[in-house]
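The file input.pdb comes next; it holds PDB, C-alpha atoms, pLDDT in the B column.
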ATOM      1  CA  MET L 218      60.685 -11.356 -31.774  1.00 41.00           C
ATOM      2  CA  PRO L 219      60.024 -12.570 -28.243  1.00 45.00           C
ATOM      3  CA  ILE L 220      58.810 -16.125 -28.006  1.00 49.00           C
ATOM      4  CA  GLY L 221      55.160 -16.159 -28.944  1.00 53.00           C
ATOM      5  CA  GLY L 222      55.192 -12.525 -29.952  1.00 53.00           C
ATOM      6  CA  SER L 223      54.273  -9.795 -27.533  1.00 51.00           C
ATOM      7  CA  ALA L 224      50.761  -8.399 -27.569  1.00 48.00           C
ATOM      8  CA  GLY L 225      52.083  -5.355 -29.461  1.00 52.00           C
ATOM      9  CA  GLN L 226      53.444  -7.600 -32.212  1.00 72.00           C
ATOM     10  CA  ARG L 227      50.123  -9.368 -32.758  1.00 70.00           C
ATOM     11  CA  ALA L 228      49.256  -7.259 -35.769  1.00 85.00           C
ATOM     12  CA  TRP L 229      47.183  -9.783 -37.729  1.00 93.00           C
ATOM     13  CA  TYR L 230      43.514 -10.240 -36.846  1.00 96.00           C
ATOM     14  CA  VAL L 231      42.975 -13.702 -38.302  1.00 97.00           C
ATOM     15  CA  LEU L 232      39.878 -15.856 -38.633  1.00 98.00           C
ATOM     16  CA  ILE L 233      40.186 -19.402 -37.313  1.00 98.00           C
ATOM     17  CA  GLU L 234      37.881 -21.696 -39.262  1.00 98.00           C
ATOM     18  CA  GLN L 235      36.732 -25.150 -38.230  1.00 97.00           C
ATOM     19  CA  CYS L 236      35.893 -28.089 -40.450  1.00 97.00           C
ATOM     20  CA  VAL L 237      32.256 -29.162 -40.298  1.00 95.00           C
ATOM     21  CA  ASP L 238      33.007 -32.834 -41.127  1.00 95.00           C
ATOM     22  CA  PRO L 239      36.693 -33.864 -41.325  1.00 91.00           C
ATOM     23  CA  GLU L 240      35.728 -37.225 -42.871  1.00 92.00           C
ATOM     24  CA  ALA L 241      33.829 -35.687 -45.802  1.00 93.00           C
ATOM     25  CA  GLN L 242      35.346 -35.836 -49.273  1.00 90.00           C
ATOM     26  CA  PHE L 243      34.815 -32.095 -49.765  1.00 92.00           C
ATOM     27  CA  LYS L 244      35.472 -30.187 -46.574  1.00 93.00           C
ATOM     28  CA  GLN L 245      33.182 -27.369 -45.516  1.00 96.00           C
ATOM     29  CA  TRP L 246      34.500 -24.669 -43.221  1.00 97.00           C
ATOM     30  CA  THR L 247      32.697 -22.454 -40.751  1.00 98.00           C
ATOM     31  CA  PRO L 248      33.990 -19.471 -38.728  1.00 98.00           C
ATOM     32  CA  LEU L 249      35.172 -20.282 -35.219  1.00 97.00           C
ATOM     33  CA  ASP L 250      36.747 -17.077 -33.904  1.00 97.00           C
ATOM     34  CA  TYR L 251      38.936 -14.082 -34.765  1.00 98.00           C
ATOM     35  CA  VAL L 252      42.269 -13.896 -32.942  1.00 97.00           C
ATOM     36  CA  TRP L 253      45.127 -11.394 -32.887  1.00 96.00           C
ATOM     37  CA  MET L 254      48.324 -13.202 -33.950  1.00 96.00           C
ATOM     38  CA  SER L 255      51.911 -12.507 -34.791  1.00 94.00           C
ATOM     39  CA  ARG L 256      53.377 -13.977 -37.972  1.00 92.00           C
ATOM     40  CA  ASP L 257      56.779 -14.868 -39.353  1.00 87.00           C
ATOM     41  CA  ASP L 258      57.027 -15.798 -43.032  1.00 77.00           C
ATOM     42  CA  VAL L 259      59.354 -18.774 -43.224  1.00 75.00           C
ATOM     43  CA  SER L 260      59.703 -19.556 -46.936  1.00 59.00           C
ATOM     44  CA  ALA L 261      58.095 -19.267 -50.336  1.00 50.00           C
ATOM     45  CA  ASP L 262      58.282 -21.445 -53.446  1.00 53.00           C
ATOM     46  CA  GLU L 263      57.192 -20.821 -57.013  1.00 48.00           C
ATOM     47  CA  ARG L 264      56.725 -23.672 -59.522  1.00 47.00           C
ATOM     48  CA  PHE L 265      55.248 -24.390 -62.906  1.00 46.00           C
ATOM     49  CA  GLN L 266      52.876 -27.359 -62.934  1.00 50.00           C
ATOM     50  CA  SER L 267      50.628 -28.290 -65.850  1.00 51.00           C
ATOM     51  CA  ASP L 268      51.420 -25.002 -67.602  1.00 53.00           C
ATOM     52  CA  GLN L 269      50.260 -23.028 -64.560  1.00 52.00           C
ATOM     53  CA  GLU L 270      52.349 -21.021 -62.189  1.00 51.00           C
ATOM     54  CA  THR L 271      51.755 -21.975 -58.568  1.00 54.00           C
ATOM     55  CA  ALA L 272      53.287 -20.354 -55.526  1.00 59.00           C
ATOM     56  CA  TYR L 273      53.267 -21.540 -51.938  1.00 67.00           C
ATOM     57  CA  ALA L 274      54.220 -19.725 -48.758  1.00 72.00           C
ATOM     58  CA  ASP L 275      55.063 -21.159 -45.355  1.00 88.00           C
ATOM     59  CA  SER L 276      54.265 -19.010 -42.353  1.00 92.00           C
ATOM     60  CA  LYS L 277      54.723 -19.461 -38.635  1.00 94.00           C
ATOM     61  CA  TRP L 278      51.986 -17.919 -36.486  1.00 95.00           C
ATOM     62  CA  PHE L 279      51.975 -17.349 -32.746  1.00 96.00           C
ATOM     63  CA  ILE L 280      48.585 -17.220 -31.051  1.00 96.00           C
ATOM     64  CA  PRO L 281      47.687 -16.883 -27.383  1.00 95.00           C
ATOM     65  CA  TYR L 282      47.028 -20.311 -25.883  1.00 96.00           C
ATOM     66  CA  ARG L 283      43.562 -21.696 -26.605  1.00 95.00           C
ATOM     67  CA  ALA L 284      42.394 -25.144 -25.541  1.00 95.00           C
ATOM     68  CA  ASP L 285      40.535 -25.538 -28.865  1.00 95.00           C
ATOM     69  CA  MET L 286      43.871 -25.183 -30.721  1.00 96.00           C
ATOM     70  CA  ASP L 287      45.922 -27.466 -28.440  1.00 96.00           C
ATOM     71  CA  PRO L 288      47.124 -30.536 -30.400  1.00 95.00           C
ATOM     72  CA  GLU L 289      46.947 -32.595 -27.205  1.00 94.00           C
ATOM     73  CA  SER L 290      43.148 -32.438 -27.378  1.00 93.00           C
ATOM     74  CA  VAL L 291      42.316 -31.474 -30.996  1.00 95.00           C
ATOM     75  CA  ASP L 292      43.658 -32.752 -34.328  1.00 96.00           C
ATOM     76  CA  VAL L 293      44.457 -29.187 -35.330  1.00 96.00           C
ATOM     77  CA  PRO L 294      45.642 -29.798 -38.941  1.00 95.00           C
ATOM     78  CA  ALA L 295      42.513 -31.852 -39.699  1.00 95.00           C
ATOM     79  CA  VAL L 296      39.891 -29.533 -38.231  1.00 97.00           C
ATOM     80  CA  ARG L 297      41.294 -25.976 -38.257  1.00 97.00           C
ATOM     81  CA  ARG L 298      42.662 -23.508 -40.770  1.00 97.00           C
ATOM     82  CA  PHE L 299      43.250 -19.755 -40.887  1.00 97.00           C
ATOM     83  CA  ALA L 300      41.723 -17.178 -43.231  1.00 96.00           C
ATOM     84  CA  TYR L 301      43.205 -13.729 -43.676  1.00 94.00           C
ATOM     85  CA  GLU L 302      42.540 -11.117 -46.374  1.00 91.00           C
ATOM     86  CA  GLY L 303      40.989 -13.583 -48.811  1.00 91.00           C
ATOM     87  CA  ARG L 304      43.678 -16.232 -48.466  1.00 91.00           C
ATOM     88  CA  THR L 305      43.423 -19.513 -46.579  1.00 94.00           C
ATOM     89  CA  TYR L 306      46.271 -20.999 -44.600  1.00 95.00           C
ATOM     90  CA  ASP L 307      46.263 -24.778 -44.170  1.00 95.00           C
ATOM     91  CA  ILE L 308      47.675 -25.779 -40.820  1.00 97.00           C
ATOM     92  CA  ARG L 309      50.581 -28.228 -40.998  1.00 95.00           C
ATOM     93  CA  SER L 310      51.459 -28.366 -37.310  1.00 95.00           C
ATOM     94  CA  ALA L 311      50.614 -26.798 -33.966  1.00 97.00           C
ATOM     95  CA  ARG L 312      52.816 -26.833 -30.893  1.00 96.00           C
ATOM     96  CA  PRO L 313      52.086 -25.203 -27.536  1.00 95.00           C
ATOM     97  CA  ASP L 314      54.906 -23.861 -25.415  1.00 92.00           C
ATOM     98  CA  GLY L 315      55.449 -25.700 -22.132  1.00 89.00           C
ATOM     99  CA  TRP L 316      53.563 -23.139 -20.043  1.00 93.00           C
ATOM    100  CA  LYS L 317      50.432 -22.791 -22.167  1.00 92.00           C
ATOM    101  CA  ARG L 318      51.143 -19.144 -22.956  1.00 95.00           C
ATOM    102  CA  TYR L 319      50.992 -19.484 -26.739  1.00 95.00           C
ATOM    103  CA  ILE L 320      50.717 -21.969 -29.585  1.00 96.00           C
ATOM    104  CA  GLU L 321      53.091 -21.940 -32.539  1.00 96.00           C
ATOM    105  CA  VAL L 322      51.223 -22.850 -35.746  1.00 96.00           C
ATOM    106  CA  VAL L 323      52.960 -23.613 -39.048  1.00 95.00           C
ATOM    107  CA  THR L 324      50.831 -23.064 -42.149  1.00 95.00           C
ATOM    108  CA  LEU L 325      51.055 -23.481 -45.891  1.00 93.00           C
ATOM    109  CA  SER L 326      49.118 -21.191 -48.207  1.00 90.00           C
ATOM    110  CA  ARG L 327      48.676 -21.298 -51.919  1.00 76.00           C
ATOM    111  CA  VAL L 328      49.165 -17.957 -53.602  1.00 68.00           C
ATOM    112  CA  GLY L 329      47.288 -17.055 -56.771  1.00 57.00           C
TER     113      GLY L 329
END
Mind turning this structure into structure tokens?
Amino acid sequence: MPIGGSAGQRAWYVLIEQCVDPEAQFKQWTPLDYVWMSRDDVSADERFQSDQETAYADSKWFIPYRADMDPESVDVPAVRRFAYEGRTYDIRSARPDGWKRYIEVVTLSRVG
């Protein structure tokens, strides 16, 4: 995959959500925008905890550069997350390329 994914590889139309109040005990999320992204699944893990099976998946997303997703100006993991097909993806890190063409976002999602 080319760095950042070409426009033709951006096959996922993903909702970016923003946190209403990052300091609140229970976070509320509101829609910010839909964006075409490319995705690379990095790893998955399945564990038993408290007699329940829990699975997690790490994904790396590439989105066109957006100032409201730039970690230089926004605490992205604290105030943004992705939603796609009923699943939420908590953002762990965001890193723009040096030319502000795209932002690489690493997420963790809970499956099930």
Separation of atom CA of L:Val293 from atom CA of L:Ser310, in Å and rounded to one decimal: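 The value is 7.3 Å.
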Shell around L:Gly315 at 12 Å using only C-alpha atoms, local window under 2 positions removed, as JSON, numbers by chain: {"L": [220, 221, 282, 287, 312, 313, 317, 318, 319, 320, 321]}
One-decimal distance in Å that lies between atom CA of L:Ile280 and atom CA of L:Trp316: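 So the answer is 13.5 Å.
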Atomic distance atom CA of L:Leu325 - atom CA of L:Tyr301, expressed in Å with one decimal: 12.7 Å
As lines of an AutoDock Vina configuration file, what would the box around stretch 297-307 of chain L look like: edges along x, y and z, 3 Å added on every side, centre and edge lengths in Å to one decimal?
center_x = 43.6
center_y = -18.5
center_z = -43.5
size_x = 11.3
size_y = 20.9
size_z = 16.6
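For the structure in this document, the set picked by the PyMOL selection byres ((chain L and resi 233) around 6) is Leu232, Glu234, Leu249, Asp250, Arg298 and Phe299 of chain L.
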Given all atoms listed in the file as the counted atoms, nearest of L:Ile308, L:Ser326, L:Asp257, L:Ala274 to L:Val296: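 Closest to L:Val296, using all atoms listed in the file: L:Ile308.
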Selected residue, from L:Gln242, L:Val259, L:Thr324, L:Gln226, that lies nearest to L:Pro281 when counting all atoms listed in the file: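 Closest candidate: L:Gln226.
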On this structure, the PyMOL selection byres ((chain L and resi 295) around 12) would catch which residues? List them as an mmCIF file with C-alpha atoms, in the frame of the given file, sorted by chain and number.
data_model
loop_
_atom_site.group_PDB
_atom_site.id
_atom_site.type_symbol
_atom_site.label_atom_id
_atom_site.label_comp_id
_atom_site.auth_asym_id
_atom_site.auth_seq_id
_atom_site.Cartn_x
_atom_site.Cartn_y
_atom_site.Cartn_z
ATOM 1 C CA GLU L 234 37.881 -21.696 -39.262
ATOM 2 C CA GLN L 235 36.732 -25.150 -38.230
ATOM 3 C CA CYS L 236 35.893 -28.089 -40.450
ATOM 4 C CA VAL L 237 32.256 -29.162 -40.298
ATOM 5 C CA ASP L 238 33.007 -32.834 -41.127
ATOM 6 C CA PRO L 239 36.693 -33.864 -41.325
ATOM 7 C CA GLU L 240 35.728 -37.225 -42.871
ATOM 8 C CA ALA L 241 33.829 -35.687 -45.802
ATOM 9 C CA LYS L 244 35.472 -30.187 -46.574
ATOM 10 C CA GLN L 245 33.182 -27.369 -45.516
ATOM 11 C CA TRP L 246 34.500 -24.669 -43.221
ATOM 12 C CA MET L 286 43.871 -25.183 -30.721
ATOM 13 C CA PRO L 288 47.124 -30.536 -30.400
ATOM 14 C CA VAL L 291 42.316 -31.474 -30.996
ATOM 15 C CA ASP L 292 43.658 -32.752 -34.328
ATOM 16 C CA VAL L 293 44.457 -29.187 -35.330
ATOM 17 C CA PRO L 294 45.642 -29.798 -38.941
ATOM 18 C CA VAL L 296 39.891 -29.533 -38.231
ATOM 19 C CA ARG L 297 41.294 -25.976 -38.257
ATOM 20 C CA ARG L 298 42.662 -23.508 -40.770
ATOM 21 C CA ASP L 307 46.263 -24.778 -44.170
ATOM 22 C CA ILE L 308 47.675 -25.779 -40.820
ATOM 23 C CA ARG L 309 50.581 -28.228 -40.998
ATOM 24 C CA SER L 310 51.459 -28.366 -37.310
ATOM 25 C CA ALA L 311 50.614 -26.798 -33.966
#
